[in-house]
Amino acid sequence: MTDAPAFRQTRRSLPIALLRARETVMGPVRDMLASSGVNEQKWRVLRVLQEKGPQELSQVAAEAVLLLSSLTRMVGPMVDEGLITRATPPEDRRKTVVAITPAGLALVNAHAGQSAAILGRIEAQIGHDRLEQLLDLLEDLQKLDLRSGTPEPGRKPKR
């Protein structure tokens with residue numbers, strides 16, 4: 001016999017459930033993007049820049065959920081493809097600021113209808129209120145600090 005704590009069944013494992021849910025959502029998104037030759041990482045960068053405007057690379061990496069090193073490798077090809085521009089601010093030569101180009105914006109806009117339809121199918125199947133609740137719960141989960149130690153039993157997360 002072992003003193004190790006029992007694992008949850010994998011069908012109720014939070015990390016596995018999140019990955020399964022991600023694949024359920026991202027499958028149709030990948031299909032949507034296949035026609036334009038843009039992968040999901042580039043799509044996230046374009047969406048962040050479309051929504052927030054020009055940004056410093058570390059900000060884009062955080063918002064697009066990418067490692068900075070991965071984003072740095074993506075910038076050159078995205079500039080060559082005409083999707084984004086890259087500039088170095090004269091006041092701080094250590095920074096790189098990227099912005100979406102008209103071609104990048106056109107690509108995002110070209111997929112807007114399909115993207116809305118994917119979200120519409122999700123909402124139709126689980127309901128508007130449950131979708132909003134899920135998004136709220138996922139935001140709460142993102143705010144947790146799970147690396148700094150074990151919380152006290154029964155302690156509620158900070159909001």
# chains A, B, ... in the order shown; residues from 1 in each chain; ligands from 1
$ residues_around --residues "region 50-64 of chain A" --least-positions-apart "3" --cutoff "6 Å" --atoms "only C-alpha atoms" --output "number ranges by chain"
A: 44-47, 68, 96-99
$ residues_around --residues "Ala110 (chain A)" --least-positions-apart "6" --cutoff "12 Å" --atoms "only C-alpha atoms" --output "number ranges by chain"
A: 32-33, 35-36, 102-104, 116
$ select_by_dssp --residues "region 64-144 of chain A" --states "helix (DSSP H, G or I)" --output "number ranges by chain"
A: 64, 68-80, 102-110, 112-126, 128-143
